[in-house]
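Below: protein_26.txt (compact mmCIF, C-alpha atoms)
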```txt
# COMPACT_ATOMS: atom_id res chain seq x y z
CA MET Z 21 0.00 0.00 0.00
CA LYS Z 22 1.25 3.46 -0.82
CA VAL Z 23 0.25 6.65 0.95
CA ILE Z 24 0.83 10.28 0.03
CA THR Z 25 0.28 12.76 2.84
CA ILE Z 26 -0.20 16.44 2.12
CA GLY Z 27 0.41 19.12 4.74
CA ARG Z 28 -0.36 22.63 3.58
CA GLN Z 29 -0.44 26.27 4.48
CA PHE Z 30 -3.96 27.66 4.65
CA GLY Z 31 -5.02 28.97 1.23
CA SER Z 32 -2.09 27.46 -0.65
CA GLY Z 33 -4.20 25.15 -2.80
CA GLY Z 34 -2.95 21.96 -1.17
CA ARG Z 35 -6.40 20.43 -1.11
CA GLU Z 36 -6.98 21.07 -4.82
CA LEU Z 37 -3.60 19.52 -5.63
CA GLY Z 38 -4.33 16.50 -3.43
CA LYS Z 39 -7.71 15.87 -5.04
CA LYS Z 40 -6.35 16.12 -8.58
CA LEU Z 41 -3.35 13.97 -7.75
CA ALA Z 42 -5.54 11.24 -6.25
CA LYS Z 43 -7.78 11.34 -9.31
CA ALA Z 44 -4.81 11.09 -11.70
CA LEU Z 45 -3.40 8.15 -9.76
CA GLY Z 46 -6.77 6.47 -9.34
CA TRP Z 47 -6.19 6.43 -5.58
CA ALA Z 48 -8.61 7.18 -2.74
CA TYR Z 49 -8.67 10.74 -1.38
CA TYR Z 50 -9.35 11.54 2.27
CA ASP Z 51 -9.83 14.90 3.86
CA ARG Z 52 -13.20 15.96 5.27
CA GLU Z 53 -14.31 12.35 4.94
CA ILE Z 54 -12.32 11.67 8.09
CA ILE Z 55 -14.21 14.29 10.09
CA SER Z 56 -17.54 13.01 8.82
CA ALA Z 57 -16.68 9.45 9.79
CA ILE Z 58 -15.62 10.46 13.31
CA ALA Z 59 -18.76 12.58 13.72
CA GLN Z 60 -20.86 9.61 12.73
CA LYS Z 61 -19.06 7.25 15.07
CA THR Z 62 -19.10 9.55 18.09
CA SER Z 63 -22.53 11.08 17.37
CA LEU Z 64 -20.98 14.54 17.73
CA PRO Z 65 -21.81 17.31 15.24
CA GLU Z 66 -19.28 17.56 12.35
CA ASP Z 67 -18.49 21.20 13.10
CA TYR Z 68 -17.68 20.35 16.67
CA VAL Z 69 -15.41 17.46 15.71
CA GLU Z 70 -13.64 19.75 13.27
CA GLU Z 71 -13.23 22.44 15.90
CA LEU Z 72 -11.81 19.94 18.39
CA LEU Z 73 -9.40 18.59 15.80
CA ASP Z 74 -8.30 21.86 14.30
CA LYS Z 75 -8.38 24.41 17.07
CA ARG Z 76 -7.17 22.31 19.94
CA PRO Z 77 -4.86 22.15 21.77
CA THR Z 78 -5.33 25.45 23.53
CA ALA Z 79 -2.91 26.24 26.33
CA ILE Z 80 -3.90 23.21 28.31
CA TYR Z 81 -0.85 21.28 29.43
CA PRO Z 82 -0.05 18.99 32.30
CA VAL Z 83 0.51 21.10 35.40
CA THR Z 84 2.54 20.44 38.50
CA SER Z 85 1.22 21.71 41.80
CA GLY Z 86 3.54 21.06 44.69
CA SER Z 87 4.89 17.57 44.18
CA THR Z 88 1.65 16.30 42.67
CA PHE Z 89 1.51 15.97 38.90
CA HIS Z 90 -1.97 16.13 37.45
CA MET Z 91 -3.84 17.27 34.37
CA THR Z 92 -6.07 20.30 34.36
CA VAL Z 93 -9.61 19.08 34.60
CA ASP Z 94 -10.98 20.23 31.29
CA PRO Z 95 -13.55 18.00 29.60
CA HIS Z 96 -12.63 19.57 26.23
CA PHE Z 97 -9.06 18.42 26.61
CA ASN Z 98 -9.99 14.79 27.22
CA LEU Z 99 -12.46 14.86 24.38
CA SER Z 100 -9.85 16.39 22.09
CA ASN Z 101 -7.42 13.59 22.93
CA GLN Z 102 -10.09 10.96 22.42
CA ILE Z 103 -11.02 12.41 19.07
CA TYR Z 104 -7.37 12.48 18.06
CA ALA Z 105 -7.03 8.80 19.03
CA GLU Z 106 -10.18 8.03 17.05
CA GLN Z 107 -8.72 9.88 14.08
CA SER Z 108 -5.43 7.96 14.31
CA ASN Z 109 -7.20 4.61 14.24
CA LEU Z 110 -9.40 5.67 11.36
CA ILE Z 111 -6.45 6.92 9.30
CA LYS Z 112 -4.61 3.63 9.84
CA THR Z 113 -7.70 1.70 8.79
CA LEU Z 114 -8.08 3.81 5.64
CA ALA Z 115 -4.40 3.33 4.74
CA ASP Z 116 -4.92 -0.43 5.08
CA LYS Z 117 -7.70 -0.37 2.52
CA GLY Z 118 -5.47 0.67 -0.39
CA ASN Z 119 -3.33 3.41 -1.94
CA CYS Z 120 -4.51 6.85 -0.92
CA VAL Z 121 -3.84 10.58 -0.64
CA ILE Z 122 -4.57 12.08 2.79
CA VAL Z 123 -4.70 15.84 3.31
CA GLY Z 124 -3.80 17.27 6.72
CA ARG Z 125 -4.71 15.56 10.00
CA CYS Z 126 -1.06 14.79 10.95
CA ALA Z 127 -1.39 11.71 8.74
CA ASP Z 128 2.33 11.89 7.94
CA HIS Z 129 3.07 11.32 11.61
CA ILE Z 130 0.27 8.84 12.30
CA LEU Z 131 1.41 6.66 9.38
CA ARG Z 132 5.14 7.21 9.86
CA ASP Z 133 5.88 3.48 10.16
CA ARG Z 134 4.64 3.02 6.58
CA LYS Z 135 7.02 5.67 5.25
CA PRO Z 136 4.44 7.77 3.39
CA PHE Z 137 5.51 10.22 0.68
CA ARG Z 138 5.21 13.44 2.67
CA ILE Z 139 4.43 16.58 0.70
CA PHE Z 140 4.11 20.08 2.11
CA VAL Z 141 2.34 22.69 -0.02
CA TYR Z 142 3.01 26.38 0.44
CA ALA Z 143 2.71 29.72 -1.35
CA ASP Z 144 3.53 33.32 -0.55
CA ILE Z 145 1.00 35.22 1.54
CA GLU Z 146 -0.16 37.54 -1.26
CA ARG Z 147 -1.17 34.61 -3.46
CA ARG Z 148 -2.89 32.89 -0.60
CA VAL Z 149 -4.92 36.00 0.21
CA ALA Z 150 -5.89 36.34 -3.46
CA ARG Z 151 -6.88 32.68 -3.63
CA CYS Z 152 -9.04 32.85 -0.50
CA MET Z 153 -10.67 36.12 -1.61
CA ALA Z 154 -11.61 34.43 -4.89
CA HIS Z 155 -13.20 31.49 -3.06
CA LEU Z 156 -15.01 33.12 -0.12
CA ARG Z 157 -16.94 30.75 2.13
CA PRO Z 158 -20.43 31.78 3.20
CA ASP Z 159 -19.18 32.96 6.61
CA GLU Z 160 -16.45 35.04 4.97
CA GLU Z 161 -18.74 37.23 2.84
CA GLY Z 162 -17.69 40.89 2.96
CA MET Z 163 -14.29 40.08 4.46
CA THR Z 164 -11.53 42.57 3.58
CA GLU Z 165 -8.12 41.49 2.27
CA LYS Z 166 -6.57 42.70 5.50
CA ALA Z 167 -8.89 40.57 7.60
CA MET Z 168 -8.27 37.58 5.33
CA LYS Z 169 -4.52 37.93 5.74
CA LYS Z 170 -4.97 37.98 9.50
CA LYS Z 171 -7.15 34.88 9.34
CA ILE Z 172 -4.65 33.00 7.16
CA LEU Z 173 -1.73 33.77 9.47
CA ALA Z 174 -3.79 32.73 12.50
CA GLU Z 175 -4.64 29.43 10.77
CA ASP Z 176 -0.96 28.79 10.04
CA LYS Z 177 -0.18 29.41 13.68
CA ALA Z 178 -2.91 27.02 14.84
CA ARG Z 179 -1.70 24.30 12.47
CA ARG Z 180 1.88 24.72 13.59
CA ARG Z 181 0.85 24.45 17.24
CA TYR Z 182 -1.43 21.48 16.63
CA TYR Z 183 1.20 19.61 14.62
CA ARG Z 184 3.88 20.29 17.21
CA PHE Z 185 1.61 19.17 20.03
CA PHE Z 186 0.64 15.84 18.53
CA THR Z 187 3.76 14.93 16.54
CA GLY Z 188 6.66 16.60 18.35
CA SER Z 189 7.95 17.73 14.94
CA ASP Z 190 7.94 21.07 13.16
CA TRP Z 191 5.15 21.90 10.75
CA GLY Z 192 6.40 23.49 7.54
CA GLU Z 193 10.08 22.71 8.17
CA LEU Z 194 12.05 21.03 5.39
CA ALA Z 195 13.20 18.16 7.58
CA SER Z 196 9.60 17.04 8.18
CA TYR Z 197 8.82 16.47 4.49
CA ASP Z 198 10.05 14.71 1.36
CA LEU Z 199 9.06 17.63 -0.83
CA CYS Z 200 8.01 21.24 -0.21
CA LEU Z 201 6.26 22.63 -3.23
CA ASN Z 202 5.05 26.10 -4.00
CA THR Z 203 1.78 26.18 -5.92
CA ALA Z 204 2.77 29.54 -7.42
CA VAL Z 205 5.50 27.70 -9.34
CA GLY Z 206 4.21 25.75 -12.33
CA THR Z 207 0.58 24.77 -12.84
CA VAL Z 208 -1.38 22.27 -10.75
CA GLU Z 209 -1.55 20.05 -13.84
CA ASP Z 210 2.25 20.08 -14.25
CA TRP Z 211 2.69 19.25 -10.58
CA VAL Z 212 0.27 16.37 -10.83
CA ALA Z 213 2.05 14.99 -13.90
CA PHE Z 214 5.41 15.26 -12.13
CA LEU Z 215 4.15 13.70 -8.92
CA VAL Z 216 2.49 10.78 -10.68
CA LYS Z 217 5.94 9.88 -12.01
CA ALA Z 218 7.76 10.72 -8.78
CA VAL Z 219 5.58 8.37 -6.72
CA GLU Z 220 7.35 5.49 -8.43
CA THR Z 221 10.71 6.59 -7.03
CA VAL Z 222 9.83 7.12 -3.38
CA MET U 25 16.59 38.37 -18.48
CA LYS U 26 15.61 35.41 -16.37
CA VAL U 27 17.69 33.95 -13.58
CA ILE U 28 17.35 30.69 -11.66
CA THR U 29 19.32 30.50 -8.42
CA ILE U 30 20.03 27.19 -6.77
CA GLY U 31 20.90 26.90 -3.08
CA ARG U 32 21.66 23.37 -1.95
CA GLN U 33 22.63 21.17 0.93
CA PHE U 34 26.10 19.68 0.52
CA GLY U 35 25.90 16.36 -1.34
CA SER U 36 22.27 16.78 -2.40
CA GLY U 37 22.98 16.85 -6.12
CA GLY U 38 22.01 20.51 -6.56
CA ARG U 39 24.95 21.17 -8.85
CA GLU U 40 24.10 18.26 -11.16
CA LEU U 41 20.49 19.43 -11.33
CA GLY U 42 21.57 23.01 -12.07
CA LYS U 43 23.89 21.95 -14.87
CA LYS U 44 21.29 19.73 -16.54
CA LEU U 45 18.59 22.34 -16.16
CA ALA U 46 20.76 25.04 -17.75
CA LYS U 47 21.59 22.70 -20.61
CA ALA U 48 17.93 21.81 -21.19
CA LEU U 49 16.97 25.49 -21.19
CA GLY U 50 19.94 26.51 -23.32
CA TRP U 51 20.91 29.02 -20.60
CA ALA U 52 24.33 29.86 -19.19
CA TYR U 53 25.45 28.01 -16.06
CA TYR U 54 27.65 29.60 -13.40
CA ASP U 55 29.19 27.97 -10.39
CA ARG U 56 32.97 27.54 -10.13
CA GLU U 57 33.31 29.93 -13.07
CA ILE U 58 32.64 32.72 -10.60
CA ILE U 59 35.53 31.69 -8.37
CA SER U 60 37.88 31.36 -11.35
CA ALA U 61 36.96 34.82 -12.60
CA ILE U 62 37.55 36.42 -9.20
CA ALA U 63 40.85 34.58 -8.83
CA GLN U 64 41.95 35.91 -12.19
CA LYS U 65 40.90 39.46 -11.43
CA THR U 66 42.47 39.58 -7.96
CA SER U 67 45.51 37.46 -8.83
CA LEU U 68 44.75 35.29 -5.79
CA PRO U 69 44.92 31.49 -6.03
CA GLU U 70 41.53 29.87 -6.79
CA ASP U 71 41.66 27.69 -3.69
CA TYR U 72 42.22 30.70 -1.51
CA VAL U 73 39.35 32.64 -3.09
CA GLU U 74 37.12 29.64 -2.56
CA GLU U 75 38.17 29.32 1.04
CA LEU U 76 37.50 32.98 1.69
CA LEU U 77 34.09 32.76 0.06
CA ASP U 78 33.00 29.48 1.57
CA LYS U 79 34.54 29.29 4.99
CA ARG U 80 34.23 32.91 6.03
CA PRO U 81 32.84 34.52 8.06
CA THR U 82 34.42 33.09 11.16
CA ALA U 83 33.42 34.59 14.46
CA ILE U 84 34.64 38.01 13.44
CA TYR U 85 31.99 40.61 14.10
CA PRO U 86 32.02 44.33 14.80
CA VAL U 87 32.96 44.82 18.42
CA THR U 88 32.19 47.62 20.80
CA SER U 89 34.76 48.59 23.37
CA GLY U 90 33.60 51.31 25.70
CA SER U 91 31.77 53.82 23.57
CA THR U 92 34.02 53.27 20.58
CA PHE U 93 32.71 51.08 17.80
CA HIS U 94 35.37 49.46 15.65
CA MET U 95 36.05 46.34 13.64
CA THR U 96 38.49 43.70 14.75
CA VAL U 97 41.67 44.20 12.84
CA ASP U 98 41.83 41.04 10.81
CA PRO U 99 43.19 41.27 7.29
CA HIS U 100 41.27 38.10 6.37
CA PHE U 101 38.01 39.76 7.27
CA ASN U 102 38.57 42.75 5.04
CA LEU U 103 39.70 40.54 2.20
CA SER U 104 36.64 38.33 2.67
CA ASN U 105 34.37 41.35 2.43
CA GLN U 106 36.21 42.64 -0.63
CA ILE U 107 35.93 39.27 -2.31
CA TYR U 108 32.23 39.15 -1.49
CA ALA U 109 31.77 42.61 -3.06
CA GLU U 110 33.73 41.45 -6.09
CA GLN U 111 31.51 38.41 -6.33
CA SER U 112 28.34 40.51 -6.09
CA ASN U 113 29.41 42.74 -8.95
CA LEU U 114 30.42 39.78 -11.07
CA ILE U 115 27.11 37.98 -10.48
CA LYS U 116 25.18 41.10 -11.48
CA THR U 117 27.28 41.43 -14.63
CA LEU U 118 26.69 37.79 -15.53
CA ALA U 119 22.93 38.15 -14.99
CA ASP U 120 22.96 41.15 -17.33
CA LYS U 121 24.48 39.04 -20.09
CA GLY U 122 21.46 36.76 -20.52
CA ASN U 123 19.31 34.05 -18.96
CA CYS U 124 21.28 31.89 -16.57
CA VAL U 125 21.35 29.34 -13.75
CA ILE U 126 23.59 30.25 -10.82
CA VAL U 127 24.47 27.70 -8.14
CA GLY U 128 25.22 28.90 -4.62
CA ARG U 129 27.08 32.14 -3.88
CA CYS U 130 24.06 33.89 -2.27
CA ALA U 131 23.01 34.76 -5.83
CA ASP U 132 19.35 34.70 -4.78
CA HIS U 133 20.05 37.57 -2.40
CA ILE U 134 22.49 39.45 -4.62
CA LEU U 135 19.99 39.45 -7.49
CA ARG U 136 16.87 39.90 -5.34
CA ASP U 137 15.77 43.05 -7.22
CA ARG U 138 15.41 40.95 -10.37
CA LYS U 139 13.12 38.45 -8.65
CA PRO U 140 15.02 35.28 -9.58
CA PHE U 141 13.35 31.86 -9.42
CA ARG U 142 14.89 30.64 -6.16
CA ILE U 143 15.28 26.88 -5.80
CA PHE U 144 16.66 25.06 -2.77
CA VAL U 145 17.81 21.48 -3.24
CA TYR U 146 17.94 19.06 -0.33
CA ALA U 147 17.99 15.34 0.47
CA ASP U 148 18.12 13.23 3.60
CA ILE U 149 21.51 12.73 5.17
CA GLU U 150 21.78 9.01 4.32
CA ARG U 151 21.39 9.70 0.62
CA ARG U 152 23.85 12.56 0.76
CA VAL U 153 26.46 10.41 2.45
CA ALA U 154 25.92 7.67 -0.17
CA ARG U 155 26.21 10.21 -2.99
CA CYS U 156 29.44 11.71 -1.64
CA MET U 157 30.95 8.27 -0.98
CA ALA U 158 30.24 7.34 -4.61
CA HIS U 159 31.97 10.50 -5.87
CA LEU U 160 35.00 10.82 -3.62
CA ARG U 161 37.29 13.75 -4.37
CA PRO U 162 41.04 13.12 -4.40
CA ASP U 163 41.45 14.56 -0.89
CA GLU U 164 38.65 12.35 0.43
CA GLU U 165 40.21 8.99 -0.50
CA GLY U 166 39.84 6.45 2.29
CA MET U 167 37.24 8.52 4.13
CA THR U 168 34.75 6.51 6.22
CA GLU U 169 30.99 7.02 6.02
CA LYS U 170 31.05 8.37 9.55
CA ALA U 171 33.69 10.97 8.68
CA MET U 172 31.77 11.90 5.52
CA LYS U 173 28.59 12.47 7.50
CA LYS U 174 30.49 14.74 9.86
CA LYS U 175 31.94 16.67 6.92
CA ILE U 176 28.52 17.11 5.29
CA LEU U 177 26.92 18.42 8.47
CA ALA U 178 29.83 20.81 9.02
CA GLU U 179 29.41 22.10 5.44
CA ASP U 180 25.69 22.69 6.01
CA LYS U 181 26.52 24.63 9.13
CA ALA U 182 29.09 26.77 7.32
CA ARG U 183 26.65 27.51 4.50
CA ARG U 184 23.91 28.47 6.93
CA ARG U 185 26.25 30.82 8.77
CA TYR U 186 27.64 32.34 5.58
CA TYR U 187 24.17 32.90 4.11
CA ARG U 188 22.86 34.42 7.31
CA PHE U 189 25.87 36.70 7.59
CA PHE U 190 25.68 38.14 4.10
CA THR U 191 21.93 38.05 3.44
CA GLY U 192 20.26 38.38 6.84
CA SER U 193 17.91 35.55 5.80
CA ASP U 194 17.71 31.90 6.74
CA TRP U 195 19.39 29.33 4.53
CA GLY U 196 17.27 26.26 3.93
CA GLU U 197 14.05 27.80 5.30
CA LEU U 198 10.91 27.61 3.15
CA ALA U 199 10.31 31.35 3.25
CA SER U 200 13.63 32.06 1.52
CA TYR U 201 12.78 30.04 -1.62
CA ASP U 202 10.18 29.57 -4.32
CA LEU U 203 10.66 25.82 -4.32
CA CYS U 204 12.38 23.31 -2.04
CA LEU U 205 12.97 20.09 -3.87
CA ASN U 206 14.28 16.78 -2.67
CA THR U 207 16.48 15.01 -5.19
CA ALA U 208 15.51 11.67 -3.66
CA VAL U 209 12.00 12.25 -5.03
CA GLY U 210 11.71 11.63 -8.76
CA THR U 211 14.65 11.51 -11.16
CA VAL U 212 16.87 14.43 -12.12
CA GLU U 213 15.47 14.13 -15.66
CA ASP U 214 11.87 14.44 -14.40
CA TRP U 215 12.78 17.45 -12.31
CA VAL U 216 14.46 19.12 -15.26
CA ALA U 217 11.42 18.49 -17.48
CA PHE U 218 9.11 19.91 -14.80
CA LEU U 219 11.29 22.94 -14.14
CA VAL U 220 11.67 23.80 -17.82
CA LYS U 221 7.88 24.17 -17.92
CA ALA U 222 7.63 25.84 -14.51
CA VAL U 223 10.08 28.59 -15.48
CA GLU U 224 7.37 29.98 -17.74
CA THR U 225 5.01 30.51 -14.80
CA VAL U 226 7.32 32.31 -12.39
```
Have the structure of the file written as structure tokens, please.
Amino acid sequence: MKVITIGRQFGSGGRELGKKLAKALGWAYYDREIISAIAQKTSLPEDYVEELLDKRPTAIYPVTSGSTFHMTVDPHFNLSNQIYAEQSNLIKTLADKGNCVIVGRCADHILRDRKPFRIFVYADIERRVARCMAHLRPDEEGMTEKAMKKKILAEDKARRRYYRFFTGSDWGELASYDLCLNTAVGTVEDWVAFLVKAVETV
Amino acid sequence: MKVITIGRQFGSGGRELGKKLAKALGWAYYDREIISAIAQKTSLPEDYVEELLDKRPTAIYPVTSGSTFHMTVDPHFNLSNQIYAEQSNLIKTLADKGNCVIVGRCADHILRDRKPFRIFVYADIERRVARCMAHLRPDEEGMTEKAMKKKILAEDKARRRYYRFFTGSDWGELASYDLCLNTAVGTVEDWVAFLVKAVETV
């Protein structure tokens, strides 16, 4: 079984690339499907699962008080950990089913024993703002470029923190990936054609 | 005029990629030619020019003693700066001549006003050791893998320090480049074919 994992900066077009690459390879593609499956299994609303997975961890860490070591009693924190464990199991199960492309979700770390082909997708901030402004979500209607830039940088920060928390590695650092590609360089079609060939060599 | 600059980890194959890319594009290729030209102009031996350019700066920085600000009196330091200035002028002159690929030499920073296509080439340490062991230089005969690994890591460190010193930016960090490619992914020929197309989009 082969797995390609795609980490990406918010607004870089990593999801589009992942979808097209999976299609070209004839492989399965997983992204939001993972959230939906966890929501179904846990009977929690999809939005809430997504929030737990994406926004957590907040600043909740083990605390030491006197000589006693204990966790802060925060039901969110436990739930977040449980959801992460659920996600890990699900991702392993999906990877067992057959070749696939998985976007985000720390899949590169979760599947590290299988040596996935780890891609990180990035682009400069101006292009990312332009891309997001051209594809506004319903809750982003009327957003200014300035506000969008702020949102994008906050998302990057959240992803970096999340990745660091669960994997112990650095998000968006060369050493964590087999390839760091900039979607402003070349076309998505050219990247897909290159990657279809490259998969054979990794 | 278009310029492609290639920064690379020692032993990653960045030079081979640069040469083949320049050939495929029909562009000029500059690497050691720059050192030779400076050596000729300054009447210094090539090896010495290379050492000054590659190994410097050592820990020589402006120092403050009392309220007086002065530089340490080190003839090497002045020479190193002069050689760097010489190199900058030469690189600008070469870029004026026509489209080209320039490997190393902080060319990405020196030519920043022309917005070059900035590539960084990397590979994991095991592959770099294997590559260097397969292409031993005369002065490396009999070197063990362990010693080679040490040499490679020391070279990386020197390049990072040199780049930081002269450019103020971070060597080998995503934000400093338009593309970070791993030569262990895909073949050099596939990369060249992709890049020849990608040049049109940047």
Contact set, chain Z to chain U: 10 Å, all atoms listed in the file, as an MDAnalysis selection string: chainID Z and resid 137 140:144 192:195 197:207 210:211 213:222
Radius query 12 Å about (-6.4, 10.7, -6.8), atoms used: all atoms listed in the file, as a count of residues only: 30
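As for CA of Trp191 in chain Z and CA of Val69 in chain Z, they are spaced 21.6 Å apart.
The interatomic distance for the pair CA of Arg184 in chain U and CA of Asp132 in chain U works out to 14.0 Å.
For Thr66 in chain U, the list of residues within 12 Å, based on all atoms listed in the file and with local chain neighbours fewer than 3 positions off taken out, reads U:Ile59, U:Ser60, U:Ala61, U:Ile62, U:Ala63, U:Pro69, U:Glu70, U:Tyr72, U:Val73, U:Leu103, U:Gln106, U:Ile107, U:Glu110, U:Gln111.
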Residue nearest Ala131 in chain U - candidates U:Glu179, U:Met157, U:Tyr108, U:Ile149, atoms counted: all atoms listed in the file: U:Tyr108
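Separating CA of Leu76 in chain U from CA of Tyr186 in chain U is a distance of 10.6 Å.
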Surrounding residues of range 128-130 of chain U excluding itself and chain neighbours under 5 positions, 8 Å, all atoms listed in the file, as a PyMOL selection string: chain U and resi 29-32+55+187+190-191
Just need the box for range 219-225 of chain U, edges along x, y and z, holding every atom the file lists for it with 3 Å tacked onto each side, so centre and edge lengths in Å to one decimal, as JSON.
```
{"center_x": 8.3, "center_y": 26.7, "center_z": -16.0, "size_x": 12.7, "size_y": 13.6, "size_z": 9.8}
```
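If you count only C-alpha atoms and ignore residues fewer than 3 places along the chain from Glu150 in chain U, what sits within 12 Å of it is Gly35, Ser36, Tyr146, Ala147, Val153, Ala154, Arg155, Cys156, Met157, Glu169, Lys170, Met172, Lys173, Lys174, Ile176, Leu177 and Ala208 of chain U.
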